[in-house]
Structures are given as C-alpha cells and as structure tokens.
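Novice: Just so it is clear, I am handing over start.pdb, which has PDB, C-alpha atoms.
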```pdb
ATOM      1  CA  MET S1239      46.321 142.523  13.643  1.00  0.00           C
ATOM      2  CA  PRO S1240      44.983 139.821  11.330  1.00  0.00           C
ATOM      3  CA  ARG S1241      42.675 137.187  12.803  1.00  0.00           C
ATOM      4  CA  ARG S1242      43.724 133.594  12.635  1.00  0.00           C
ATOM      5  CA  ARG S1243      41.374 131.211  10.912  1.00  0.00           C
ATOM      6  CA  ARG S1244      40.851 127.858  12.458  1.00  0.00           C
ATOM      7  CA  ASN S1245      40.728 125.185   9.806  1.00  0.00           C
ATOM      8  CA  ALA S1246      40.415 122.285  12.208  1.00  0.00           C
ATOM      9  CA  LEU S1247      37.063 120.961  13.316  1.00  0.00           C
ATOM     10  CA  PRO S1248      36.301 120.952  17.020  1.00  0.00           C
ATOM     11  CA  PRO S1249      37.005 117.541  18.669  1.00  0.00           C
ATOM     12  CA  LEU S1250      33.297 116.825  19.228  1.00  0.00           C
ATOM     13  CA  ALA S1251      32.544 117.387  15.533  1.00  0.00           C
ATOM     14  CA  LEU S1252      35.421 115.082  14.568  1.00  0.00           C
ATOM     15  CA  LEU S1253      34.074 112.377  16.863  1.00  0.00           C
ATOM     16  CA  ALA S1254      30.566 112.695  15.403  1.00  0.00           C
ATOM     17  CA  LEU S1255      31.981 112.520  11.884  1.00  0.00           C
ATOM     18  CA  ALA S1256      33.995 109.387  12.720  1.00  0.00           C
ATOM     19  CA  ILE S1257      30.960 107.655  14.250  1.00  0.00           C
ATOM     20  CA  ALA S1258      28.820 108.498  11.210  1.00  0.00           C
ATOM     21  CA  ALA S1259      31.510 107.152   8.847  1.00  0.00           C
ATOM     22  CA  LEU S1260      31.751 103.891  10.815  1.00  0.00           C
ATOM     23  CA  ALA S1261      27.970 103.489  10.844  1.00  0.00           C
ATOM     24  CA  LEU S1262      27.766 103.985   7.084  1.00  0.00           C
ATOM     25  CA  ALA S1263      30.630 101.581   6.475  1.00  0.00           C
ATOM     26  CA  ALA S1264      28.998  98.928   8.672  1.00  0.00           C
ATOM     27  CA  CYS S1265      25.670  99.266   6.878  1.00  0.00           C
ATOM     28  CA  GLY S1266      27.276  98.830   3.491  1.00  0.00           C
ATOM     29  CA  SER S1267      29.313  95.797   4.472  1.00  0.00           C
ATOM     30  CA  GLU S1268      26.368  93.957   5.998  1.00  0.00           C
ATOM     31  CA  GLU S1269      24.219  94.607   2.955  1.00  0.00           C
ATOM     32  CA  HIS S1270      26.738  92.926   0.652  1.00  0.00           C
ATOM     33  CA  SER S1271      27.911  90.226   3.042  1.00  0.00           C
ATOM     34  CA  LYS S1272      27.331  86.646   1.963  1.00  0.00           C
ATOM     35  CA  GLU S1273      27.640  85.430   5.573  1.00  0.00           C
ATOM     36  CA  VAL S1274      24.612  86.332   7.672  1.00  0.00           C
ATOM     37  CA  VAL S1275      22.649  84.996  10.614  1.00  0.00           C
ATOM     38  CA  GLU S1276      19.073  83.773  10.618  1.00  0.00           C
ATOM     39  CA  GLY S1277      16.739  86.736  10.213  1.00  0.00           C
ATOM     40  CA  GLN S1278      19.153  88.815   8.101  1.00  0.00           C
ATOM     41  CA  PRO S1279      18.599  88.962   4.333  1.00  0.00           C
ATOM     42  CA  VAL S1280      21.306  87.991   1.861  1.00  0.00           C
ATOM     43  CA  THR S1281      21.316  88.800  -1.850  1.00  0.00           C
ATOM     44  CA  LEU S1282      22.585  86.424  -4.529  1.00  0.00           C
ATOM     45  CA  GLY S1283      22.216  87.859  -8.015  1.00  0.00           C
ATOM     46  CA  GLU S1284      18.703  89.269  -8.259  1.00  0.00           C
ATOM     47  CA  LEU S1285      17.245  87.107  -5.476  1.00  0.00           C
ATOM     48  CA  LYS S1286      17.130  88.204  -1.851  1.00  0.00           C
ATOM     49  CA  TYR S1287      16.870  85.332   0.649  1.00  0.00           C
ATOM     50  CA  ASN S1288      15.759  85.647   4.257  1.00  0.00           C
ATOM     51  CA  VAL S1289      15.686  82.697   6.651  1.00  0.00           C
ATOM     52  CA  ILE S1290      12.709  83.610   8.814  1.00  0.00           C
ATOM     53  CA  PHE S1291      12.831  80.734  11.278  1.00  0.00           C
ATOM     54  CA  SER S1292      14.292  77.278  11.793  1.00  0.00           C
ATOM     55  CA  ARG S1293      13.466  74.450  14.190  1.00  0.00           C
ATOM     56  CA  PHE S1294      13.124  70.727  14.625  1.00  0.00           C
ATOM     57  CA  LEU S1295       9.758  69.402  13.427  1.00  0.00           C
ATOM     58  CA  ASN S1296       7.537  67.152  15.510  1.00  0.00           C
ATOM     59  CA  PRO S1297       5.496  64.655  13.423  1.00  0.00           C
ATOM     60  CA  ASP S1298       2.988  64.307  16.296  1.00  0.00           C
ATOM     61  CA  ASP S1299       2.169  68.049  16.222  1.00  0.00           C
ATOM     62  CA  ASN S1300      -0.807  69.117  14.057  1.00  0.00           C
ATOM     63  CA  GLU S1301       1.038  72.042  12.482  1.00  0.00           C
ATOM     64  CA  ASP S1302       4.205  70.069  11.825  1.00  0.00           C
ATOM     65  CA  SER S1303       2.358  67.099  10.324  1.00  0.00           C
ATOM     66  CA  ALA S1304       1.287  69.401   7.454  1.00  0.00           C
ATOM     67  CA  TYR S1305       4.945  70.291   6.884  1.00  0.00           C
ATOM     68  CA  LEU S1306       5.950  66.612   6.853  1.00  0.00           C
ATOM     69  CA  VAL S1307       3.352  65.346   4.353  1.00  0.00           C
ATOM     70  CA  GLY S1308       4.864  62.482   2.332  1.00  0.00           C
ATOM     71  CA  GLN S1309       8.008  62.177   4.477  1.00  0.00           C
ATOM     72  CA  PRO S1310       8.818  58.706   5.789  1.00  0.00           C
ATOM     73  CA  GLU S1311       9.164  58.294   9.520  1.00  0.00           C
ATOM     74  CA  ALA S1312      12.549  59.576  10.671  1.00  0.00           C
ATOM     75  CA  PRO S1313      15.031  56.947  11.886  1.00  0.00           C
ATOM     76  CA  ALA S1314      15.311  56.548  15.683  1.00  0.00           C
ATOM     77  CA  ASP S1315      18.599  58.501  15.754  1.00  0.00           C
ATOM     78  CA  ALA S1316      17.466  61.420  13.545  1.00  0.00           C
ATOM     79  CA  ALA S1317      14.814  64.117  13.252  1.00  0.00           C
ATOM     80  CA  TYR S1318      13.404  66.420  10.601  1.00  0.00           C
ATOM     81  CA  PHE S1319      14.552  70.027  10.744  1.00  0.00           C
ATOM     82  CA  GLY S1320      12.616  72.807   9.025  1.00  0.00           C
ATOM     83  CA  VAL S1321      14.055  76.029   7.670  1.00  0.00           C
ATOM     84  CA  PHE S1322      11.467  78.628   6.641  1.00  0.00           C
ATOM     85  CA  VAL S1323      12.595  81.106   4.004  1.00  0.00           C
ATOM     86  CA  GLU S1324      11.307  84.002   1.995  1.00  0.00           C
ATOM     87  CA  VAL S1325      12.821  84.728  -1.418  1.00  0.00           C
ATOM     88  CA  GLN S1326      12.269  88.044  -3.193  1.00  0.00           C
ATOM     89  CA  ASN S1327      12.988  88.614  -6.893  1.00  0.00           C
ATOM     90  CA  GLU S1328      14.091  92.222  -7.294  1.00  0.00           C
ATOM     91  CA  ASP S1329      14.533  92.024 -11.082  1.00  0.00           C
ATOM     92  CA  ASP S1330      12.331  92.645 -14.126  1.00  0.00           C
ATOM     93  CA  GLU S1331      12.966  89.079 -15.322  1.00  0.00           C
ATOM     94  CA  PRO S1332      11.985  85.745 -13.709  1.00  0.00           C
ATOM     95  CA  GLN S1333      14.794  84.175 -11.655  1.00  0.00           C
ATOM     96  CA  ARG S1334      15.446  80.483 -11.000  1.00  0.00           C
ATOM     97  CA  LEU S1335      15.664  79.052  -7.483  1.00  0.00           C
ATOM     98  CA  PRO S1336      18.516  76.671  -6.630  1.00  0.00           C
ATOM     99  CA  ARG S1337      17.914  72.939  -7.072  1.00  0.00           C
ATOM    100  CA  SER S1338      18.855  72.227  -3.449  1.00  0.00           C
ATOM    101  CA  LEU S1339      20.216  73.704  -0.240  1.00  0.00           C
ATOM    102  CA  THR S1340      22.738  72.252   2.186  1.00  0.00           C
ATOM    103  CA  ILE S1341      23.333  72.463   5.926  1.00  0.00           C
ATOM    104  CA  VAL S1342      26.932  72.104   7.114  1.00  0.00           C
ATOM    105  CA  ASP S1343      27.737  71.498  10.796  1.00  0.00           C
ATOM    106  CA  ALA S1344      30.872  72.558  12.700  1.00  0.00           C
ATOM    107  CA  GLU S1345      32.492  69.178  11.911  1.00  0.00           C
ATOM    108  CA  GLY S1346      32.059  69.764   8.162  1.00  0.00           C
ATOM    109  CA  ASP S1347      29.309  67.152   7.761  1.00  0.00           C
ATOM    110  CA  GLU S1348      26.850  68.103   5.017  1.00  0.00           C
ATOM    111  CA  TYR S1349      23.101  67.453   4.897  1.00  0.00           C
ATOM    112  CA  GLU S1350      21.093  67.953   1.704  1.00  0.00           C
ATOM    113  CA  ALA S1351      17.534  69.268   1.679  1.00  0.00           C
ATOM    114  CA  GLN S1352      14.836  66.597   1.355  1.00  0.00           C
ATOM    115  CA  GLU S1353      12.278  66.577  -1.425  1.00  0.00           C
ATOM    116  CA  SER S1354       8.872  67.515  -0.099  1.00  0.00           C
ATOM    117  CA  GLU S1355       5.230  67.104  -1.108  1.00  0.00           C
ATOM    118  CA  SER S1356       4.065  69.691   1.435  1.00  0.00           C
ATOM    119  CA  LEU S1357       2.057  72.719   0.308  1.00  0.00           C
ATOM    120  CA  TYR S1358       4.555  74.733   2.366  1.00  0.00           C
ATOM    121  CA  ALA S1359       7.642  73.470   0.499  1.00  0.00           C
ATOM    122  CA  LEU S1360      10.108  75.719  -1.314  1.00  0.00           C
ATOM    123  CA  PRO S1361       9.783  74.835  -5.024  1.00  0.00           C
ATOM    124  CA  PHE S1362      13.412  73.856  -5.741  1.00  0.00           C
ATOM    125  CA  GLY S1363      14.471  74.679  -9.289  1.00  0.00           C
ATOM    126  CA  GLY S1364      11.287  76.705  -9.835  1.00  0.00           C
ATOM    127  CA  GLU S1365      11.070  80.319 -10.925  1.00  0.00           C
ATOM    128  CA  VAL S1366      10.334  83.447  -8.957  1.00  0.00           C
ATOM    129  CA  GLU S1367       8.405  85.780 -11.226  1.00  0.00           C
ATOM    130  CA  SER S1368       9.528  89.356 -11.826  1.00  0.00           C
ATOM    131  CA  GLU S1369       9.152  91.545  -8.706  1.00  0.00           C
ATOM    132  CA  GLU S1370       7.452  88.632  -6.875  1.00  0.00           C
ATOM    133  CA  GLN S1371       8.281  86.447  -3.890  1.00  0.00           C
ATOM    134  CA  ILE S1372       8.285  82.872  -2.643  1.00  0.00           C
ATOM    135  CA  PRO S1373       6.084  81.961  -0.910  1.00  0.00           C
ATOM    136  CA  VAL S1374       3.657  83.434  -3.430  1.00  0.00           C
ATOM    137  CA  LEU S1375       1.236  85.925  -1.900  1.00  0.00           C
ATOM    138  CA  ASP S1376      -2.002  84.345  -0.652  1.00  0.00           C
ATOM    139  CA  SER S1377      -0.553  80.818  -0.973  1.00  0.00           C
ATOM    140  CA  THR S1378      -0.841  78.224   1.795  1.00  0.00           C
ATOM    141  CA  ALA S1379       2.791  78.820   2.821  1.00  0.00           C
ATOM    142  CA  GLU S1380       2.437  82.624   2.851  1.00  0.00           C
ATOM    143  CA  GLN S1381      -0.790  82.432   4.860  1.00  0.00           C
ATOM    144  CA  GLY S1382       0.590  79.768   7.234  1.00  0.00           C
ATOM    145  CA  PRO S1383       1.697  80.294  10.829  1.00  0.00           C
ATOM    146  CA  ILE S1384       5.321  81.074   9.898  1.00  0.00           C
ATOM    147  CA  GLU S1385       4.644  82.744   6.518  1.00  0.00           C
ATOM    148  CA  GLY S1386       7.640  81.153   4.827  1.00  0.00           C
ATOM    149  CA  ALA S1387       8.475  78.447   2.314  1.00  0.00           C
ATOM    150  CA  LEU S1388       9.746  75.293   3.994  1.00  0.00           C
ATOM    151  CA  VAL S1389      13.020  73.472   3.396  1.00  0.00           C
ATOM    152  CA  ILE S1390      13.249  70.098   5.199  1.00  0.00           C
ATOM    153  CA  PHE S1391      16.463  68.427   6.313  1.00  0.00           C
ATOM    154  CA  LEU S1392      16.929  65.044   7.988  1.00  0.00           C
ATOM    155  CA  LEU S1393      19.541  65.593  10.702  1.00  0.00           C
ATOM    156  CA  PRO S1394      21.099  63.164  13.174  1.00  0.00           C
ATOM    157  CA  ASP S1395      20.160  63.747  16.819  1.00  0.00           C
ATOM    158  CA  LEU S1396      23.790  64.512  17.677  1.00  0.00           C
ATOM    159  CA  VAL S1397      23.942  67.479  15.266  1.00  0.00           C
ATOM    160  CA  SER S1398      23.035  69.819  18.137  1.00  0.00           C
ATOM    161  CA  GLU S1399      26.481  69.080  19.572  1.00  0.00           C
ATOM    162  CA  ASN S1400      28.132  70.217  16.322  1.00  0.00           C
ATOM    163  CA  ARG S1401      26.922  73.804  16.207  1.00  0.00           C
ATOM    164  CA  PRO S1402      26.840  76.197  14.563  1.00  0.00           C
ATOM    165  CA  LEU S1403      24.751  74.880  11.709  1.00  0.00           C
ATOM    166  CA  VAL S1404      25.167  76.863   8.516  1.00  0.00           C
ATOM    167  CA  MET S1405      22.791  76.671   5.567  1.00  0.00           C
ATOM    168  CA  GLU S1406      24.532  77.203   2.237  1.00  0.00           C
ATOM    169  CA  ILE S1407      22.604  78.815  -0.609  1.00  0.00           C
ATOM    170  CA  PRO S1408      24.156  78.413  -4.083  1.00  0.00           C
ATOM    171  CA  GLY S1409      23.881  81.197  -6.600  1.00  0.00           C
ATOM    172  CA  PRO S1410      25.676  83.960  -8.453  1.00  0.00           C
ATOM    173  CA  GLU S1411      28.314  85.606  -6.274  1.00  0.00           C
ATOM    174  CA  GLY S1412      27.763  82.773  -3.811  1.00  0.00           C
ATOM    175  CA  PRO S1413      27.393  80.608  -2.019  1.00  0.00           C
ATOM    176  CA  ALA S1414      25.767  82.559   0.762  1.00  0.00           C
ATOM    177  CA  GLU S1415      25.991  81.166   4.292  1.00  0.00           C
ATOM    178  CA  VAL S1416      23.244  81.607   6.856  1.00  0.00           C
ATOM    179  CA  THR S1417      24.069  80.647  10.430  1.00  0.00           C
ATOM    180  CA  LEU S1418      20.947  79.009  11.837  1.00  0.00           C
ATOM    181  CA  ASP S1419      19.610  79.803  15.296  1.00  0.00           C
ATOM    182  CA  LEU S1420      19.671  76.348  16.877  1.00  0.00           C
TER
END
```
Can I see the file as structure tokens?

Specialist:
Amino acid sequence: MPRRRRNALPPLALLALAIAALALAACGSEEHSKEVVEGQPVTLGELKYNVIFSRFLNPDDNEDSAYLVGQPEAPADAAYFGVFVEVQNEDDEPQRLPRSLTIVDAEGDEYEAQESESLYALPFGGEVESEEQIPVLDSTAEQGPIEGALVIFLLPDLVSENRPLVMEIPGPEGPAEVTLDL
C-alpha cells in the first residue's frame, strides 16, 4: 500500500510563518514611513532625520539660556520650544538641509522655526558632508547635554491644548511628519 505524503505544514509551523511574515512586513513599512513619532528616524532622500528630544525652554535655566542666545524675550502669552535633531547623510555626496521646519498643531495652525545664533542651532540651508552628521562630531551641540542640533519655535501657551504637535520636514519624497512628545 502506497504511503500518503502530507504536503501541508503543521498548524504550528503555519502560525510561526505567518508571525514572521507580519514582523517583516511591519519592519519594512516603518522604515519607509514618512510619519513617525519622536525618537524614530525618518529618511528623506539621502538624509536620515531623528528627533531626539523636544521640550519647552526656560530662559532662566543655565542650560536653556545657551540655547536661547540672541532670542528676544518671549511675549507673555508664548514660550520658546526646542526640538533637538540629528541628521545623518548616508550618501557619497554632500546634501543640503532644508531652509526651515514647521510645527503644525491639531487645529492646523502653523509655526515656523526661529532663526538662532546659538552654537547648538541646526544650520538651516547648510550642507551635511558625505557620510557625516549634524551636529558635527565634537561640536558644541554634539558634546552638549542632549547631543542634538536645536530648532527653536515660538509657540503660544495654549498650544498644549491643541495636541498633537507635528513637525514637518520638507525634502525629497516628503514632507516627513514627526509627532512630538509633548
């Protein structure tokens, strides 16, 4: 009597295969997603951006006063908000940074990044050299407490009621959107 061959995989093997396929699919979709949360990298063209940290800045704090060099005093109904980023150039050619970044609140109100004289500031419109990063290694910003390049926004006090706040990064295949942890 001929033996029957079983062509079907056992149920446990099928389950393991399905879980592995889902895990691989999830990894791939996150890697190419242009909508991430603070702490997750996002790639636009040859530049990989990672928002390391964001928070309101206190001009009376020693650390924060270095971030706010050259900024006028904030109006009574507003405060400065800092977003610390790292940008990695993964190409053999220099890549240009965007000229500005924008935060959009849940109401659709937009806030443009402020120009900054701080040694920690992201150099808007500048170049990231081939296979290098911003902040540049051994720079003040890279050696600072947060180890990121600073982007400053002037936000109204009531913005906390209009969460989530999303920072938009222009670029090829963009814009990318980073939901800030506020």

Novice: Taking all atoms listed in the file into account, name the residue in S:Val1289, S:Val1404, S:Ala1316, S:Ile1372 that is nearest to Asp1347 in chain S.

Specialist: S:Val1404

Novice: Apply the PyMOL selection byres ((chain S and resi 1326) around 8) to the displayed file and report the matching residues as a PDB file with C-alpha atoms, keeping the file's coordinate frame.

Specialist:
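Printed below is selection-v7.pdb as written:
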```pdb
ATOM      1  CA  LEU S1285      17.245  87.107  -5.476  1.00  0.00           C
ATOM      2  CA  LYS S1286      17.130  88.204  -1.851  1.00  0.00           C
ATOM      3  CA  TYR S1287      16.870  85.332   0.649  1.00  0.00           C
ATOM      4  CA  GLU S1324      11.307  84.002   1.995  1.00  0.00           C
ATOM      5  CA  VAL S1325      12.821  84.728  -1.418  1.00  0.00           C
ATOM      6  CA  ASN S1327      12.988  88.614  -6.893  1.00  0.00           C
ATOM      7  CA  GLU S1328      14.091  92.222  -7.294  1.00  0.00           C
ATOM      8  CA  VAL S1366      10.334  83.447  -8.957  1.00  0.00           C
ATOM      9  CA  GLU S1369       9.152  91.545  -8.706  1.00  0.00           C
ATOM     10  CA  GLU S1370       7.452  88.632  -6.875  1.00  0.00           C
ATOM     11  CA  GLN S1371       8.281  86.447  -3.890  1.00  0.00           C
ATOM     12  CA  ILE S1372       8.285  82.872  -2.643  1.00  0.00           C
TER      13      ILE S1372
END
```

Novice: Counting all atoms listed in the file, figure out which residue out of S:Asn1296, S:Ser1271, S:Thr1340, S:Gln1333 gets nearest to Pro1408 in chain S.

Specialist: S:Thr1340

Novice: So, counting all atoms listed in the file, which residue among S:Ser1356, S:Ser1338, S:Ser1303, S:Asn1288 is closest to Lys1272 in chain S?

Specialist: S:Asn1288

Novice: Which neighbours of Gly1382 in chain S fall inside 12 Å, counting all atoms listed in the file, when residues of the same chain fewer than 6 positions from it are skipped, and could you give them as a list in words?

Specialist: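 That gives Glu1301, Asp1302, Ala1304, Tyr1305, Phe1322, Leu1357, Tyr1358, Ala1359, Pro1373, Val1374, Leu1375, Asp1376 and Leu1388 of chain S.
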
Novice: Specify as a list in words each residue included when the PyMOL selection byres ((chain S and resi 1282) around 7) is applied to this file.

Specialist: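 Those residues are Val1280, Thr1281, Gly1283, Glu1284, Leu1285, Lys1286, Gly1409, Pro1410, Glu1411 and Gly1412 of chain S.
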
Novice: Expand the PyMOL selection byres ((chain S and resi 1317) around 6) into the individual residues it matches in the shown file, reporting them as a PDB file with C-alpha atoms, in the frame of the given file.

Specialist:
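This is the output file expr_36.pdb:
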```pdb
ATOM      1  CA  ALA S1312      12.549  59.576  10.671  1.00  0.00           C
ATOM      2  CA  ALA S1316      17.466  61.420  13.545  1.00  0.00           C
ATOM      3  CA  TYR S1318      13.404  66.420  10.601  1.00  0.00           C
ATOM      4  CA  LEU S1392      16.929  65.044   7.988  1.00  0.00           C
ATOM      5  CA  LEU S1393      19.541  65.593  10.702  1.00  0.00           C
TER       6      LEU S1393
END
```

Novice: So how far away is CA of Val1321 in chain S from CA of Arg1293 in chain S, in Å?

Specialist: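 We find that CA of Arg1293 in chain S and CA of Val1321 in chain S lie 6.7 Å from each other.
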
Novice: List as a ChimeraX atom specification the protein and nucleic acid residues near range 1416-1420 of chain S, meaning an atom at most 10 Å away when only C-alpha atoms are counted, but skip any in the same chain fewer than 3 places from it.

Specialist: /S:1272-1280,1287-1294,1321,1341-1343,1397-1398,1401-1407,1413

Novice: Those same residues, written as a PDB file, keeping the file's coordinate frame with C-alpha atoms?

Specialist:
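And here's selection_37.pdb as it stands now:
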```pdb
ATOM      1  CA  LYS S1272      27.331  86.646   1.963  1.00  0.00           C
ATOM      2  CA  GLU S1273      27.640  85.430   5.573  1.00  0.00           C
ATOM      3  CA  VAL S1274      24.612  86.332   7.672  1.00  0.00           C
ATOM      4  CA  VAL S1275      22.649  84.996  10.614  1.00  0.00           C
ATOM      5  CA  GLU S1276      19.073  83.773  10.618  1.00  0.00           C
ATOM      6  CA  GLY S1277      16.739  86.736  10.213  1.00  0.00           C
ATOM      7  CA  GLN S1278      19.153  88.815   8.101  1.00  0.00           C
ATOM      8  CA  PRO S1279      18.599  88.962   4.333  1.00  0.00           C
ATOM      9  CA  VAL S1280      21.306  87.991   1.861  1.00  0.00           C
ATOM     10  CA  TYR S1287      16.870  85.332   0.649  1.00  0.00           C
ATOM     11  CA  ASN S1288      15.759  85.647   4.257  1.00  0.00           C
ATOM     12  CA  VAL S1289      15.686  82.697   6.651  1.00  0.00           C
ATOM     13  CA  ILE S1290      12.709  83.610   8.814  1.00  0.00           C
ATOM     14  CA  PHE S1291      12.831  80.734  11.278  1.00  0.00           C
ATOM     15  CA  SER S1292      14.292  77.278  11.793  1.00  0.00           C
ATOM     16  CA  ARG S1293      13.466  74.450  14.190  1.00  0.00           C
ATOM     17  CA  PHE S1294      13.124  70.727  14.625  1.00  0.00           C
ATOM     18  CA  VAL S1321      14.055  76.029   7.670  1.00  0.00           C
ATOM     19  CA  ILE S1341      23.333  72.463   5.926  1.00  0.00           C
ATOM     20  CA  VAL S1342      26.932  72.104   7.114  1.00  0.00           C
ATOM     21  CA  ASP S1343      27.737  71.498  10.796  1.00  0.00           C
ATOM     22  CA  VAL S1397      23.942  67.479  15.266  1.00  0.00           C
ATOM     23  CA  SER S1398      23.035  69.819  18.137  1.00  0.00           C
ATOM     24  CA  ARG S1401      26.922  73.804  16.207  1.00  0.00           C
ATOM     25  CA  PRO S1402      26.840  76.197  14.563  1.00  0.00           C
ATOM     26  CA  LEU S1403      24.751  74.880  11.709  1.00  0.00           C
ATOM     27  CA  VAL S1404      25.167  76.863   8.516  1.00  0.00           C
ATOM     28  CA  MET S1405      22.791  76.671   5.567  1.00  0.00           C
ATOM     29  CA  GLU S1406      24.532  77.203   2.237  1.00  0.00           C
ATOM     30  CA  ILE S1407      22.604  78.815  -0.609  1.00  0.00           C
ATOM     31  CA  PRO S1413      27.393  80.608  -2.019  1.00  0.00           C
TER      32      PRO S1413
END
```

Novice: Using all atoms of range 1373-1391 of chain S listed in the file and a margin of 3 Å per side, can you give the axis-aligned box centre and edge lengths in Å to one decimal, as JSON?

Specialist:
```
{"center_x": 7.2, "center_y": 77.2, "center_z": 3.7, "size_x": 24.5, "size_y": 23.5, "size_z": 20.3}
```

Novice: Of the candidates S:Asp1299, S:Glu1385, S:Glu1399, S:Pro1394, which one gets nearest to Pro1313 in chain S if we count all atoms listed in the file?

Specialist: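 Nearest candidate to Pro1313 in chain S out of S:Asp1299, S:Glu1385, S:Glu1399, S:Pro1394: S:Pro1394.
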
Novice: In Å, how far is it from CA of Leu1335 in chain S to CA of Gln1352 in chain S?

Specialist: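 So the answer is 15.3 Å.
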